[in-house]
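Have a look at structure13.tsv; it's TSV, C-alpha atoms:
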```tsv
chain	number	residue	atom	x	y	z
H	1	MET	CA	60.82	-9.72	47.73
H	2	SER	CA	64.52	-8.88	47.63
H	3	ARG	CA	66.39	-8.07	44.42
H	4	THR	CA	68.35	-11.25	44.85
H	5	GLU	CA	65.17	-13.26	45.09
H	6	GLY	CA	63.73	-11.52	42.03
H	7	THR	CA	66.83	-12.19	40.01
H	8	SER	CA	66.87	-15.76	41.19
H	9	GLY	CA	63.23	-16.11	40.26
H	10	ARG	CA	63.76	-14.70	36.78
H	11	THR	CA	66.79	-16.92	36.29
H	12	SER	CA	64.88	-19.92	37.55
H	13	GLY	CA	61.93	-19.04	35.31
H	14	ARG	CA	64.12	-18.76	32.27
H	15	THR	CA	65.83	-22.02	33.14
H	16	SER	CA	62.67	-23.98	33.82
H	17	GLY	CA	60.71	-22.39	30.99
H	18	GLY	CA	63.44	-23.00	28.44
H	19	ALA	CA	64.37	-26.50	29.63
H	20	ALA	CA	61.87	-28.33	27.45
H	21	GLY	CA	62.73	-26.21	24.43
H	22	GLU	CA	66.46	-26.80	24.91
H	23	VAL	CA	65.90	-30.54	25.21
H	24	GLY	CA	63.82	-30.46	22.04
H	25	ASP	CA	66.47	-28.42	20.24
H	26	ARG	CA	69.19	-30.84	21.30
H	27	ALA	CA	67.08	-33.73	20.03
H	28	SER	CA	66.13	-32.27	16.64
H	29	SER	CA	68.46	-29.42	15.71
H	30	PRO	CA	71.59	-31.50	14.99
H	31	PHE	CA	69.65	-33.87	12.73
H	32	TRP	CA	67.97	-31.12	10.72
H	33	SER	CA	71.14	-29.02	10.59
H	34	LEU	CA	73.16	-31.96	9.31
H	35	SER	CA	70.43	-32.93	6.86
H	36	ALA	CA	70.22	-29.39	5.51
H	37	ALA	CA	74.01	-29.16	5.21
H	38	ILE	CA	74.23	-32.50	3.37
H	39	MET	CA	71.38	-31.52	1.04
H	40	ARG	CA	73.00	-28.16	0.30
H	41	GLY	CA	76.25	-29.96	-0.43
H	42	PHE	CA	74.45	-32.31	-2.82
H	43	VAL	CA	72.64	-29.51	-4.66
H	44	ARG	CA	75.83	-27.45	-4.99
H	45	ASP	CA	77.79	-30.43	-6.26
H	46	ARG	CA	76.88	-30.25	-9.94
H	47	PRO	CA	78.45	-33.59	-10.92
H	48	SER	CA	76.39	-35.33	-8.22
H	49	VAL	CA	73.17	-33.74	-9.44
H	50	PHE	CA	74.06	-34.56	-13.04
H	51	PHE	CA	74.74	-38.25	-12.44
H	52	ALA	CA	71.85	-38.68	-10.00
H	53	VAL	CA	69.12	-36.99	-12.05
H	54	VAL	CA	70.12	-35.56	-15.42
H	55	PHE	CA	72.23	-38.45	-16.75
H	56	PRO	CA	69.65	-41.26	-16.22
H	57	LEU	CA	66.85	-38.91	-17.28
H	58	MET	CA	68.66	-38.42	-20.60
H	59	PHE	CA	68.37	-42.19	-21.18
H	60	LEU	CA	64.66	-42.11	-20.38
H	61	VAL	CA	64.08	-39.29	-22.88
H	62	LEU	CA	66.30	-41.01	-25.46
H	63	PHE	CA	64.60	-44.39	-25.14
H	64	GLY	CA	61.16	-42.80	-24.91
H	65	GLY	CA	61.76	-40.80	-28.07
H	66	LEU	CA	63.33	-43.60	-30.08
H	67	LEU	CA	61.35	-46.58	-28.82
H	68	GLY	CA	58.20	-45.06	-27.39
H	69	ASN	CA	56.09	-46.11	-30.38
H	70	LEU	CA	57.91	-49.34	-31.08
H	71	GLY	CA	54.79	-51.46	-30.73
H	72	GLU	CA	52.71	-49.26	-33.03
H	73	GLY	CA	54.73	-49.53	-36.26
H	74	LYS	CA	53.45	-51.47	-39.24
H	75	VAL	CA	55.36	-53.75	-41.56
H	76	GLN	CA	56.31	-51.88	-44.72
H	77	MET	CA	55.04	-53.97	-47.68
H	78	ILE	CA	55.40	-53.52	-51.43
H	79	VAL	CA	52.73	-55.25	-53.53
H	80	VAL	CA	54.15	-56.01	-56.99
H	81	GLY	CA	51.66	-56.17	-59.87
H	82	GLU	CA	48.30	-57.88	-59.51
H	83	VAL	CA	47.90	-59.94	-56.33
H	84	PRO	CA	44.32	-61.33	-56.37
H	85	LEU	CA	44.84	-63.17	-53.07
H	86	VAL	CA	45.28	-59.85	-51.26
H	87	GLU	CA	42.59	-58.05	-53.19
H	88	ASP	CA	40.00	-60.78	-52.49
H	89	LEU	CA	40.71	-61.36	-48.80
H	90	PRO	CA	37.71	-62.13	-46.57
H	91	ASP	CA	36.61	-59.27	-44.34
H	92	SER	CA	38.12	-60.75	-41.16
H	93	ALA	CA	41.45	-61.39	-42.88
H	94	ARG	CA	41.37	-57.95	-44.50
H	95	ALA	CA	41.18	-56.32	-41.06
H	96	VAL	CA	44.27	-58.24	-39.93
H	97	PHE	CA	46.09	-57.34	-43.14
H	98	ASP	CA	45.34	-53.63	-42.78
H	99	ASP	CA	46.39	-53.61	-39.13
H	100	THR	CA	49.71	-55.35	-39.89
H	101	PHE	CA	50.95	-53.88	-43.16
H	102	GLU	CA	51.47	-50.46	-44.66
H	103	VAL	CA	51.21	-51.08	-48.38
H	104	THR	CA	52.74	-49.41	-51.41
H	105	THR	CA	52.53	-50.75	-54.96
H	106	SER	CA	55.09	-51.35	-57.65
H	107	SER	CA	55.19	-52.89	-61.13
H	108	ASP	CA	58.90	-53.80	-61.03
H	109	VAL	CA	59.74	-56.83	-58.92
H	110	ASP	CA	63.49	-56.23	-59.12
H	111	ALA	CA	63.14	-52.67	-57.89
H	112	ALA	CA	60.86	-53.82	-55.05
H	113	VAL	CA	63.34	-56.53	-54.01
H	114	GLY	CA	66.08	-53.91	-54.11
H	115	GLU	CA	64.16	-51.73	-51.65
H	116	VAL	CA	63.79	-54.69	-49.30
H	117	ARG	CA	67.48	-55.48	-49.60
H	118	SER	CA	68.44	-51.88	-48.80
H	119	GLY	CA	66.10	-51.72	-45.81
H	120	ASP	CA	63.64	-49.25	-47.29
H	121	ALA	CA	60.86	-51.86	-47.09
H	122	ASP	CA	60.30	-54.96	-44.97
H	123	VAL	CA	58.75	-57.28	-47.56
H	124	ALA	CA	57.73	-57.37	-51.20
H	125	ILE	CA	55.03	-59.78	-52.39
H	126	GLU	CA	53.97	-61.00	-55.78
H	127	GLN	CA	51.60	-63.72	-56.95
H	128	ARG	CA	52.78	-66.45	-59.33
H	129	GLY	CA	49.74	-68.40	-60.39
H	130	ASP	CA	48.15	-69.62	-57.17
H	131	THR	CA	51.29	-69.07	-55.09
H	132	LEU	CA	51.96	-65.99	-53.01
H	133	VAL	CA	55.72	-65.25	-53.00
H	134	ALA	CA	57.19	-63.02	-50.27
H	135	HIS	CA	60.64	-61.46	-50.56
H	136	TYR	CA	62.06	-60.46	-47.16
H	137	ALA	CA	65.41	-59.69	-45.57
H	138	GLU	CA	66.74	-62.36	-43.21
H	139	THR	CA	68.66	-59.71	-41.27
H	140	GLU	CA	65.34	-58.26	-40.04
H	141	GLN	CA	64.42	-61.36	-38.09
H	142	VAL	CA	61.54	-59.91	-36.08
H	143	GLN	CA	59.84	-58.34	-39.06
H	144	ALA	CA	60.47	-61.47	-41.12
H	145	ALA	CA	58.83	-63.69	-38.50
H	146	VAL	CA	55.81	-61.38	-38.22
H	147	THR	CA	55.48	-61.15	-41.99
H	148	GLN	CA	55.68	-64.89	-42.64
H	149	GLY	CA	53.28	-65.75	-39.84
H	150	VAL	CA	50.63	-63.25	-40.92
H	151	LEU	CA	50.92	-64.11	-44.61
H	152	ARG	CA	50.58	-67.85	-43.93
H	153	SER	CA	47.43	-67.22	-41.91
H	154	LEU	CA	46.01	-65.02	-44.68
H	155	VAL	CA	46.68	-67.71	-47.28
H	156	ASP	CA	44.96	-70.27	-45.05
H	157	ALA	CA	41.97	-67.95	-44.63
H	158	SER	CA	41.76	-67.45	-48.40
H	159	ASN	CA	41.90	-71.21	-48.99
H	160	VAL	CA	39.06	-71.77	-46.55
H	161	ALA	CA	37.00	-69.02	-48.18
H	162	ALA	CA	37.63	-70.47	-51.64
H	163	SER	CA	36.81	-74.06	-50.69
H	164	GLY	CA	33.81	-73.24	-48.54
H	165	GLN	CA	34.91	-75.85	-46.00
H	166	PRO	CA	35.29	-74.65	-42.40
H	167	PRO	CA	38.63	-75.46	-40.73
H	168	THR	CA	38.74	-78.22	-38.13
H	169	TYR	CA	40.65	-76.10	-35.65
H	170	GLY	CA	40.37	-72.43	-34.80
H	171	PHE	CA	42.94	-69.97	-33.57
H	172	GLU	CA	42.55	-66.78	-31.56
H	173	SER	CA	45.29	-64.59	-30.12
H	174	GLU	CA	45.02	-62.16	-27.24
H	175	ARG	CA	47.80	-59.85	-26.12
H	176	VAL	CA	48.46	-59.97	-22.37
H	177	GLU	CA	49.25	-56.27	-22.04
H	178	ASP	CA	46.87	-53.37	-22.33
H	179	GLU	CA	46.83	-51.99	-25.85
H	180	SER	CA	48.06	-48.63	-24.57
H	181	LEU	CA	51.36	-50.14	-23.43
H	182	THR	CA	54.44	-49.04	-25.31
H	183	ALA	CA	58.17	-49.49	-24.83
H	184	ILE	CA	58.29	-46.58	-22.38
H	185	GLN	CA	56.28	-48.71	-19.93
H	186	PHE	CA	59.15	-51.15	-19.59
H	187	TYR	CA	62.11	-48.79	-19.77
H	188	THR	CA	60.90	-46.37	-17.09
H	189	PRO	CA	61.08	-48.75	-14.07
H	190	GLY	CA	64.46	-50.15	-15.13
H	191	LEU	CA	66.10	-46.78	-15.75
H	192	LEU	CA	64.61	-45.42	-12.53
H	193	GLY	CA	66.06	-48.35	-10.57
H	194	TRP	CA	69.45	-47.76	-12.16
H	195	ALA	CA	69.31	-44.04	-11.32
H	196	VAL	CA	68.46	-44.72	-7.68
H	197	ALA	CA	71.19	-47.35	-7.41
H	198	MET	CA	73.81	-45.00	-8.87
H	199	SER	CA	72.85	-42.06	-6.69
H	200	ALA	CA	72.65	-44.05	-3.45
H	201	ALA	CA	75.84	-46.06	-3.99
H	202	PHE	CA	77.99	-43.20	-5.28
H	203	GLY	CA	76.71	-40.78	-2.64
H	204	ALA	CA	77.39	-43.14	0.26
H	205	ALA	CA	80.82	-44.14	-1.07
H	206	ALA	CA	81.98	-40.58	-1.71
H	207	THR	CA	80.58	-39.26	1.58
H	208	LEU	CA	82.16	-41.96	3.76
H	209	GLN	CA	85.55	-41.79	2.11
H	210	GLY	CA	85.52	-38.00	1.84
H	211	TRP	CA	84.66	-37.58	5.51
H	212	ARG	CA	87.33	-40.09	6.45
H	213	GLN	CA	90.04	-38.40	4.33
H	214	SER	CA	89.23	-34.94	5.70
H	215	LYS	CA	89.25	-36.28	9.29
H	216	LEU	CA	85.64	-35.15	9.63
H	217	LEU	CA	84.66	-38.60	10.88
H	218	ARG	CA	87.05	-38.25	13.81
H	219	ARG	CA	85.70	-34.81	14.63
H	220	LEU	CA	82.13	-36.08	14.45
H	221	GLN	CA	83.13	-38.97	16.71
H	222	LEU	CA	84.30	-36.46	19.33
H	223	ALA	CA	81.43	-34.00	18.81
H	224	PRO	CA	78.42	-34.01	21.17
H	225	VAL	CA	76.24	-35.38	18.38
H	226	PRO	CA	75.10	-39.02	18.47
H	227	THR	CA	76.37	-41.21	15.65
H	228	THR	CA	72.79	-42.21	14.91
H	229	THR	CA	71.98	-38.55	14.19
H	230	VAL	CA	74.81	-38.26	11.66
H	231	VAL	CA	73.85	-41.54	9.96
H	232	GLY	CA	70.16	-40.66	10.05
H	233	ALA	CA	70.77	-37.31	8.37
H	234	ARG	CA	72.79	-38.91	5.57
H	235	VAL	CA	70.14	-41.61	5.03
H	236	ALA	CA	67.28	-39.10	5.10
H	237	VAL	CA	68.88	-36.93	2.43
H	238	THR	CA	69.55	-39.95	0.19
H	239	VAL	CA	65.94	-41.13	0.52
H	240	VAL	CA	64.63	-37.63	-0.29
H	241	VAL	CA	66.83	-37.52	-3.39
H	242	ALA	CA	65.57	-40.98	-4.46
H	243	LEU	CA	61.94	-39.94	-4.04
H	244	GLY	CA	62.72	-36.83	-6.06
H	245	GLN	CA	64.10	-39.07	-8.81
H	246	LEU	CA	60.90	-41.13	-8.70
H	247	THR	CA	58.77	-37.99	-9.06
H	248	ILE	CA	60.82	-36.61	-11.96
H	249	PHE	CA	60.89	-39.93	-13.86
H	250	LEU	CA	57.17	-40.57	-13.50
H	251	ALA	CA	56.26	-37.00	-14.42
H	252	THR	CA	58.50	-37.14	-17.49
H	253	GLY	CA	57.12	-40.50	-18.58
H	254	VAL	CA	53.48	-39.54	-18.07
H	255	LEU	CA	53.60	-36.03	-19.52
H	256	LEU	CA	55.98	-36.56	-22.44
H	257	PHE	CA	55.60	-40.20	-23.48
H	258	GLY	CA	52.17	-41.33	-22.32
H	259	LEU	CA	53.34	-43.63	-19.51
H	260	GLN	CA	50.35	-45.53	-18.10
H	261	LEU	CA	50.57	-46.44	-14.40
H	262	THR	CA	48.58	-49.33	-12.94
H	263	GLY	CA	46.60	-49.36	-9.72
H	264	ALA	CA	49.40	-50.46	-7.38
H	265	TRP	CA	52.02	-48.02	-8.71
H	266	TRP	CA	52.21	-46.36	-5.28
H	267	MET	CA	54.11	-49.43	-4.03
H	268	SER	CA	57.05	-48.06	-5.99
H	269	VAL	CA	57.57	-45.61	-3.09
H	270	PRO	CA	58.47	-48.23	-0.42
H	271	LEU	CA	60.34	-50.16	-3.12
H	272	ILE	CA	62.46	-47.09	-3.86
H	273	VAL	CA	63.17	-46.64	-0.14
H	274	ALA	CA	64.20	-50.30	0.20
H	275	GLY	CA	66.38	-50.00	-2.91
H	276	THR	CA	68.00	-46.85	-1.51
H	277	PHE	CA	68.99	-48.65	1.69
H	278	CYS	CA	70.29	-51.57	-0.34
H	279	PHE	CA	72.54	-49.52	-2.60
H	280	MET	CA	73.64	-47.22	0.19
H	281	ALA	CA	75.03	-50.39	1.74
H	282	VAL	CA	76.91	-51.07	-1.51
H	283	GLY	CA	78.34	-47.54	-1.31
H	284	LEU	CA	79.31	-47.99	2.32
H	285	LEU	CA	81.17	-51.18	1.45
H	286	SER	CA	82.99	-49.38	-1.37
H	287	GLY	CA	83.88	-46.46	0.91
H	288	ALA	CA	85.05	-48.77	3.67
H	289	VAL	CA	87.36	-50.77	1.41
H	290	ALA	CA	88.80	-48.01	-0.81
H	291	LYS	CA	91.57	-45.68	0.33
H	292	THR	CA	90.55	-42.57	-1.65
H	293	THR	CA	87.33	-40.87	-2.68
H	294	GLU	CA	88.03	-41.60	-6.35
H	295	GLY	CA	88.69	-45.23	-5.52
H	296	ALA	CA	85.44	-45.49	-3.57
H	297	VAL	CA	83.39	-44.03	-6.42
H	298	ASN	CA	85.13	-46.25	-8.98
H	299	MET	CA	84.48	-49.34	-6.87
H	300	ALA	CA	80.81	-48.40	-6.51
H	301	ASN	CA	80.64	-47.95	-10.27
H	302	PHE	CA	82.33	-51.34	-10.75
H	303	LEU	CA	79.63	-52.97	-8.62
H	304	VAL	CA	76.56	-51.09	-9.91
H	305	LEU	CA	77.23	-50.82	-13.66
H	306	PRO	CA	77.26	-54.60	-14.36
H	307	MET	CA	74.04	-54.89	-12.37
H	308	ALA	CA	72.42	-52.34	-14.69
H	309	PHE	CA	73.20	-54.45	-17.76
H	310	LEU	CA	72.31	-57.74	-16.09
H	311	SER	CA	69.07	-56.56	-14.49
H	312	GLY	CA	67.12	-55.72	-17.63
H	313	ALA	CA	67.41	-51.94	-17.16
H	314	PHE	CA	68.59	-51.41	-20.74
H	315	PHE	CA	67.37	-54.52	-22.58
H	316	PRO	CA	65.41	-57.70	-21.75
H	317	LEU	CA	67.30	-60.85	-20.82
H	318	ASP	CA	64.76	-63.32	-22.22
H	319	GLY	CA	67.17	-64.48	-24.91
H	320	ALA	CA	70.23	-64.60	-22.64
H	321	PRO	CA	71.88	-67.94	-21.73
H	322	GLY	CA	70.47	-69.71	-18.70
H	323	TRP	CA	73.59	-69.22	-16.58
H	324	LEU	CA	73.46	-65.47	-17.24
H	325	GLN	CA	69.82	-65.29	-16.19
H	326	THR	CA	70.69	-67.20	-13.01
H	327	LEU	CA	73.49	-64.74	-12.28
H	328	SER	CA	71.06	-61.89	-12.85
H	329	ASP	CA	68.69	-63.31	-10.24
H	330	LEU	CA	71.43	-62.90	-7.62
H	331	MET	CA	71.68	-59.16	-8.17
H	332	PRO	CA	69.53	-56.80	-6.06
H	333	LEU	CA	68.92	-54.39	-8.93
H	334	LYS	CA	67.12	-57.17	-10.82
H	335	TRP	CA	64.74	-57.62	-7.87
H	336	LEU	CA	64.14	-53.87	-7.62
H	337	ASN	CA	63.50	-53.44	-11.34
H	338	GLU	CA	61.24	-56.47	-11.67
H	339	ALA	CA	59.17	-55.46	-8.64
H	340	MET	CA	58.73	-51.90	-9.87
H	341	THR	CA	57.77	-53.13	-13.34
H	342	ASP	CA	55.19	-55.47	-11.77
H	343	VAL	CA	53.44	-52.80	-9.69
H	344	MET	CA	53.89	-49.84	-12.06
H	345	VAL	CA	52.94	-51.27	-15.46
H	346	ARG	CA	52.07	-54.97	-15.30
H	347	GLY	CA	49.05	-54.55	-13.05
H	348	GLU	CA	50.33	-56.87	-10.33
H	349	PRO	CA	48.94	-56.38	-6.79
H	350	ALA	CA	50.86	-54.57	-4.09
H	351	SER	CA	51.66	-57.89	-2.40
H	352	SER	CA	53.93	-58.81	-5.33
H	353	ALA	CA	56.48	-56.30	-4.02
H	354	ILE	CA	56.80	-57.87	-0.56
H	355	VAL	CA	59.30	-60.61	-1.42
H	356	PRO	CA	61.57	-58.28	-3.46
H	357	MET	CA	61.56	-55.79	-0.57
H	358	LEU	CA	62.60	-58.54	1.84
H	359	VAL	CA	65.40	-59.58	-0.53
H	360	LEU	CA	66.60	-55.97	-0.78
H	361	ALA	CA	66.46	-55.59	3.02
H	362	ALA	CA	68.42	-58.82	3.54
H	363	PHE	CA	71.05	-57.75	1.00
H	364	ALA	CA	71.34	-54.33	2.68
H	365	THR	CA	71.74	-55.91	6.13
H	366	VAL	CA	74.45	-58.37	5.10
H	367	THR	CA	76.36	-55.80	3.06
H	368	THR	CA	76.24	-53.23	5.88
H	369	LEU	CA	77.56	-55.78	8.36
H	370	VAL	CA	80.44	-56.61	6.02
H	371	ALA	CA	81.16	-52.90	5.54
H	372	ALA	CA	81.19	-52.35	9.31
H	373	LYS	CA	83.57	-55.29	9.70
H	374	VAL	CA	86.16	-53.92	7.26
H	375	PHE	CA	85.70	-50.23	8.11
H	376	ARG	CA	88.62	-48.26	9.55
H	377	TRP	CA	88.40	-44.78	10.99
H	378	ASP	CA	91.62	-43.68	9.30
H	379	THR	CA	92.83	-44.25	5.74
H	380	ALA	CA	96.27	-45.40	6.90
```

Representation of the structure as structure tokens:
Amino acid sequence: MSRTEGTSGRTSGRTSGGAAGEVGDRASSPFWSLSAAIMRGFVRDRPSVFFAVVFPLMFLVLFGGLLGNLGEGKVQMIVVGEVPLVEDLPDSARAVFDDTFEVTTSSDVDAAVGEVRSGDADVAIEQRGDTLVAHYAETEQVQAAVTQGVLRSLVDASNVAASGQPPTYGFESERVEDESLTAIQFYTPGLLGWAVAMSAAFGAAATLQGWRQSKLLRRLQLAPVPTTTVVGARVAVTVVVALGQLTIFLATGVLLFGLQLTGAWWMSVPLIVAGTFCFMAVGLLSGAVAKTTEGAVNMANFLVLPMAFLSGAFFPLDGAPGWLQTLSDLMPLKWLNEAMTDVMVRGEPASSAIVPMLVLAAFATVTTLVAAKVFRWDTA
């Protein structure tokens, strides 16, 4: 074999042997390289990390610390003087009384009423003849309602015990939630949804507008890298960040505040992915419309922040006007939060998340199409 043939053979061998590897590298290397570069940029951008993870986590810790034991507190009661009705309660009524009230005693009715007025106690009771008199503060409406309801039932129970006549009707109450549920159960899904929405919308808006301002979009358009690879890398990084937020929130809730997850909690993973796509679309629309990076981020904030307040992330909307609740139902964050609450803490089956996921997907599709329609390659 001649030297030329040997060289040709080695060259051919290298070419044929490396062909599959080169094809594989061309198929995967740009995606992973872009993904790694975008992730490094996110991690190095301290404001992005702060607003995506630390800022919403601060709310979770704050709410968990302040409201985590909200359902476990007792009504602070002052018993003034001799109150035979309370002292002679039947055993069943006594159990209810002890579970509801934390009792201190006083001999001065004026001083006891003063403590109620100043907020140091919730109610002061005294007995005048056969009448139980309760002094409460109208400003504490929840405690007042609980106090009056329980005291009326105790008086009724005492009357029945004294007369020896059984009541015609009975009453039994059962709470619909597990007794281990606390406020943290309901704040965790809402704050997590808000965190994911912020991160996805702000990230997409800032990235699109920043790449457009720096002319990087034009260079990527001319580069030998498919557009789908660039988009796929950006989406993959955003989904990874969202799943990281899910992990951090659940770990914090479970380890620090006793968060109890129900059987279908794992459906929060596809819900988070659907929510990420949805709010990335909101960010794309903001980045497509705005002329600067700051404008894109501000527009995303303008769209997401009202959703947070109108979706039940910070407080329930049960007492809101009907028109406001209807408006809330039109917002994707409401669907995300409600679905995550259902599968994470309410014990609903996994199938309950299907309709919300379809709504989020439809919203993402329509919003992306609108963003593509108004998008321009240059800011001018």

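Note that atom CA of H:Asp156 and atom CA of H:Ser106 are 24.9 Å apart.
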
Write out as a list in words which residues come within 12 Å of H:Asn301 when counting all atoms listed in the file, dropping same-chain ones fewer than 4 positions away.
Phe51, Trp194, Ala197, Met198, Ser199, Ala200, Ala201, Phe202, Gly203, Ala205, Ala206, Phe279, Val282, Gly283, Ser286, Gly287, Glu294, Gly295, Ala296, Val297, Leu305, Pro306, Met307 and Ala308 of chain H

Please report the interatomic distance between atom CA of H:Pro56 and atom CA of H:Thr188 in Å with one decimal.
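A separation of 10.2 Å between them.
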
Pick out the residues sitting within 9 Å of stretch 264-275 of chain H, and hand them over as a ChimeraX atom specification; count only C-alpha atoms, and ignore anything fewer than 2 positions along from it in its own chain.
/H:193,196-197,200,239,242-243,246,261-262,277-280,332-333,336,339-345,347-351,353-354,356-358,360-361,364

Store the residues picked out above in a file with C-alpha atoms, as a PDB file, in the coordinates of the input.
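Output saved as selection.pdb:
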```pdb
ATOM      1  CA  GLY H 193      66.060 -48.350 -10.570  1.00  0.00           C
ATOM      2  CA  VAL H 196      68.460 -44.720  -7.680  1.00  0.00           C
ATOM      3  CA  ALA H 197      71.190 -47.350  -7.410  1.00  0.00           C
ATOM      4  CA  ALA H 200      72.650 -44.050  -3.450  1.00  0.00           C
ATOM      5  CA  VAL H 239      65.940 -41.130   0.520  1.00  0.00           C
ATOM      6  CA  ALA H 242      65.570 -40.980  -4.460  1.00  0.00           C
ATOM      7  CA  LEU H 243      61.940 -39.940  -4.040  1.00  0.00           C
ATOM      8  CA  LEU H 246      60.900 -41.130  -8.700  1.00  0.00           C
ATOM      9  CA  LEU H 261      50.570 -46.440 -14.400  1.00  0.00           C
ATOM     10  CA  THR H 262      48.580 -49.330 -12.940  1.00  0.00           C
ATOM     11  CA  PHE H 277      68.990 -48.650   1.690  1.00  0.00           C
ATOM     12  CA  CYS H 278      70.290 -51.570  -0.340  1.00  0.00           C
ATOM     13  CA  PHE H 279      72.540 -49.520  -2.600  1.00  0.00           C
ATOM     14  CA  MET H 280      73.640 -47.220   0.190  1.00  0.00           C
ATOM     15  CA  PRO H 332      69.530 -56.800  -6.060  1.00  0.00           C
ATOM     16  CA  LEU H 333      68.920 -54.390  -8.930  1.00  0.00           C
ATOM     17  CA  LEU H 336      64.140 -53.870  -7.620  1.00  0.00           C
ATOM     18  CA  ALA H 339      59.170 -55.460  -8.640  1.00  0.00           C
ATOM     19  CA  MET H 340      58.730 -51.900  -9.870  1.00  0.00           C
ATOM     20  CA  THR H 341      57.770 -53.130 -13.340  1.00  0.00           C
ATOM     21  CA  ASP H 342      55.190 -55.470 -11.770  1.00  0.00           C
ATOM     22  CA  VAL H 343      53.440 -52.800  -9.690  1.00  0.00           C
ATOM     23  CA  MET H 344      53.890 -49.840 -12.060  1.00  0.00           C
ATOM     24  CA  VAL H 345      52.940 -51.270 -15.460  1.00  0.00           C
ATOM     25  CA  GLY H 347      49.050 -54.550 -13.050  1.00  0.00           C
ATOM     26  CA  GLU H 348      50.330 -56.870 -10.330  1.00  0.00           C
ATOM     27  CA  PRO H 349      48.940 -56.380  -6.790  1.00  0.00           C
ATOM     28  CA  ALA H 350      50.860 -54.570  -4.090  1.00  0.00           C
ATOM     29  CA  SER H 351      51.660 -57.890  -2.400  1.00  0.00           C
ATOM     30  CA  ALA H 353      56.480 -56.300  -4.020  1.00  0.00           C
ATOM     31  CA  ILE H 354      56.800 -57.870  -0.560  1.00  0.00           C
ATOM     32  CA  PRO H 356      61.570 -58.280  -3.460  1.00  0.00           C
ATOM     33  CA  MET H 357      61.560 -55.790  -0.570  1.00  0.00           C
ATOM     34  CA  LEU H 358      62.600 -58.540   1.840  1.00  0.00           C
ATOM     35  CA  LEU H 360      66.600 -55.970  -0.780  1.00  0.00           C
ATOM     36  CA  ALA H 361      66.460 -55.590   3.020  1.00  0.00           C
ATOM     37  CA  ALA H 364      71.340 -54.330   2.680  1.00  0.00           C
TER      38      ALA H 364
END
```

Mind pulling up the distance from atom CA of H:Gly190 to atom CA of H:Asn337?
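Separating atom CA of H:Asn337 from atom CA of H:Gly190 is a distance of 5.1 Å.
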
My list of candidates is H:Met58, H:Ala134, H:Ala290, H:Val355. Which is closest to H:Leu192 when distances are computed with only C-alpha atoms?
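Using only C-alpha atoms, H:Leu192 sits closest to H:Met58.
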
Name the residues, using the chain letters and numbers of the file, that sit within 12 Å of (71.9, -63.1, -8.5) when counting all atoms listed in the file, and give them as a list in words.
Pro306, Met307, Leu310, Ser311, Trp323, Leu324, Gln325, Thr326, Leu327, Ser328, Asp329, Leu330, Met331, Pro332, Leu333, Lys334, Trp335, Val359, Leu360 and Phe363 of chain H

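Residue nearest H:Thr252 within the list H:Gly114, H:Ile184, H:Ala36, H:Ser214: H:Ile184 [criterion: smallest interatomic distance, only C-alpha atoms].
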
Could you please give me, as a PyMOL selection string, the residues of protein, DNA or RNA lying at most 12 Å from (50.7, -66.7, -46.0) in the coordinate frame of the file, considering only C-alpha atoms?
chain H and resi 85-86+89+93+97+125-127+130-134+145-159

Would you mind telling me which residue in H:Met77, H:Leu317, H:Val254, H:Leu216 lies nearest to H:Thr100 when using only C-alpha atoms?
H:Met77

Would you mind telling me which residue in H:Ala204, H:Ala195, H:Leu259, H:Leu250 lies nearest to H:Arg234 when using only C-alpha atoms?
H:Ala204

Taking only C-alpha atoms into account, which of H:Leu303, H:Ile78, H:Val230, H:Val103 comes nearest H:His135?
H:Ile78
